[in-house]
2 protein chains.
Amino acid sequence: MRLYDNLSSGNGYKVRLLLRQLGIPFDRVDLDITRGESRTAEFLERNPNGRIPVLELDSGAFLWESNAILYYLADSTAFFPKSRVARSRALQWMFFEQYSHEPYIAVVRHWIHTGLSAGREAEIEERRSRGHAALGVMQRHLADHEYFVDDRYSIADIALYAYTHVAHEGGFDLSGYPAIGVWLDRVRTQPGHTPIDEP
Amino acid sequence: MRLYDNLSSGNGYKVRLLLRQLGIPFDRVDLDITRGESRTAEFLERNPNGRIPVLELDSGAFLWESNAILYYLADSTAFFPKSRVARSRALQWMFFEQYSHEPYIAVVRHWIHTGLSAGREAEIEERRSRGHAALGVMQRHLADHEYFVDDRYSIADIALYAYTHVAHEGGFDLSGYPAIGVWLDRVRTQPGHTPIDEP
């Protein structure tokens with residue numbers, strides 16, 4: 001398989017991490033998204049929405065949306081629950097991640113990383129507030145659960161770990177969320193865990 | 001089953017529509033989200049993220065995130081594809097809907113509906129631009145496909161239909177997207193189709 005990726009992207013990291021934990025070999029093509037490399041005509045043939053990650057399957061098909069790729073890779077493995085309710089619950093947290101978490105926590109980090117934060121102070125404050133709301137929802141759940149679904153590590157944890165563990169790079173102070181801190185450590189000690197910047 | 005819902009919500013409509021197309025009877029509890037009824041302490045016990053729709057299962061468990069509820073209801077039915085690639089592709093379009101479509105097309109409609117648009121002209125213009133980008137991605141796909149996955153009606157179509165068919169209420173002109181217009185008619189003529197405002 002081939003992964004179109006960017007090393008600083010948490011969305012890309014989700015897929016890299018799961019591929020490694022599953023022991024699946026892959027080629028990685030790093031795109032400079034700040035220079036428009038995910039918006040070229042060639043790349044839009046792979047993902048018409050112009051974003052990484054994109055997974056090129058052995059069949060030559062291209063699959064996009066990080067959490068859909070996680071589902072593709074994890075289905076029928078120990079990384080995705082078996083029961084209908086638990087499977088839906090994993091997706092529930094993954095949709096939560098894309099709707100209520102990533103647009104705030106990841107986007108603020110991206111702006112700060114890429115020097116796009118100047119002049120956006122009010123918007124950053126608004127997004128920080130919504131990011132903290134998402135962290136509050138996670139803290140509430142993790143206060144009495146070891147993981148997001150069935151007290152067992154799954155792709156729901158991978159999806160939420162990706163940007164939570166680097167939230168401080170967007171100026172989010174996690175010290176008020178002790179259960180999140182414990183859970184981050186729990187995810188970090190999973191077999192085969194690799195850091196976000198491992199190419 | 002019991003659905004915590006709001007009649008003007010496209011996210012609620014997704015679930016209502018699929019429940020009816022599956023022939024599953026349900027109770028519907030309508031919440032006035034503009035008056036904070038999805039943010040009460042009682043409701044946060046059902047969904048800590050404070051949003052509708054929430055589906056209360058016969059077991060008493062609460063499932064939230066509209067597209068995760070669609071997955072729960074559609075799994076093992078004709079509304080969700082069978083093959084691993086096609087299942088992942090359906091989820092790909094559903095994550096696209098929540099990340100690249102709903103925050104722009106649904107949110108602008110909501111602001112206009114609820115009188116929150118005054119003073120937000122610049123943000124509405126920005127969100128309209130991103131909404132049109134999402135419509136462009138849909139048009140490109142639908143120009144040579146009847147539906148989003150495997151040329152067959154699925155929950156990916158339901159997820160994208162919900163806010164696309166009322167996009168004009170947010171000031172989006174769909175006349176530049178002819179393939180979307182044809183697809184909207186195709187979805188509307190599915191057996192058991194009901195309109196968004198059917199309680």
# chains A, B, ... in the order shown; residues from 1 in each chain; ligands from 1
>>> interface_residues(of="chain B", to="chain A", cutoff="8 Å", atoms="only C-alpha atoms", output="number ranges by chain")
B: 48-49, 63-65, 67-69, 71-72, 75, 84-85, 87-89, 91-92, 95-96, 98-99, 134, 137, 140
>>> select_by_dssp(residues="chain B", states="strand (DSSP E or B)", output="MDAnalysis selection string")
chainID B and resid 2:5 27:30 54:56 62:64 149 152
>>> residues_around(residues="Gly192 of chain B", least_positions_apart="4", cutoff="10 Å", atoms="only C-alpha atoms", output="list in words")
Leu17, Leu18, Leu19, Arg20, Gln21, Leu22, Gly23 and Arg188 of chain B
>>> closest_residue(among="B:Tyr161, B:Tyr147, B:Tyr153, B:Phe79", to="Ala106 of chain B", atoms="only C-alpha atoms")
B:Tyr161
>>> residues_around(residues="Gly181 of chain B", least_positions_apart="6", cutoff="10 Å", atoms="only C-alpha atoms", output="PyMOL selection string")
chain B and resi 139+142+164-165+174-175
>>> atom_distance(atom1="atom CA of Arg120 of chain A", atom2="atom CA of Val107 of chain A")
11.8 Å
>>> atom_distance(atom1="atom CA of Ile105 of chain B", atom2="atom CA of Gly131 of chain B")
5.3 Å
>>> closest_residue(among="A:Pro191, A:Pro199, A:Gly170, A:Gly36", to="His110 of chain A", atoms="only C-alpha atoms")
A:Gly170
>>> select_by_dssp(residues="segment 15-64 of chain A", states="alpha helix (DSSP H)", output="NGL selection string")
:A and (15-22 or 41-46)
>>> closest_residue(among="B:Met1, B:Val15, B:Leu135, B:Ala162", to="Ser59 of chain B", atoms="only C-alpha atoms")
B:Met1
>>> atom_distance(atom1="atom CA of Gly60 of chain B", atom2="atom CA of Arg46 of chain B")
10.1 Å
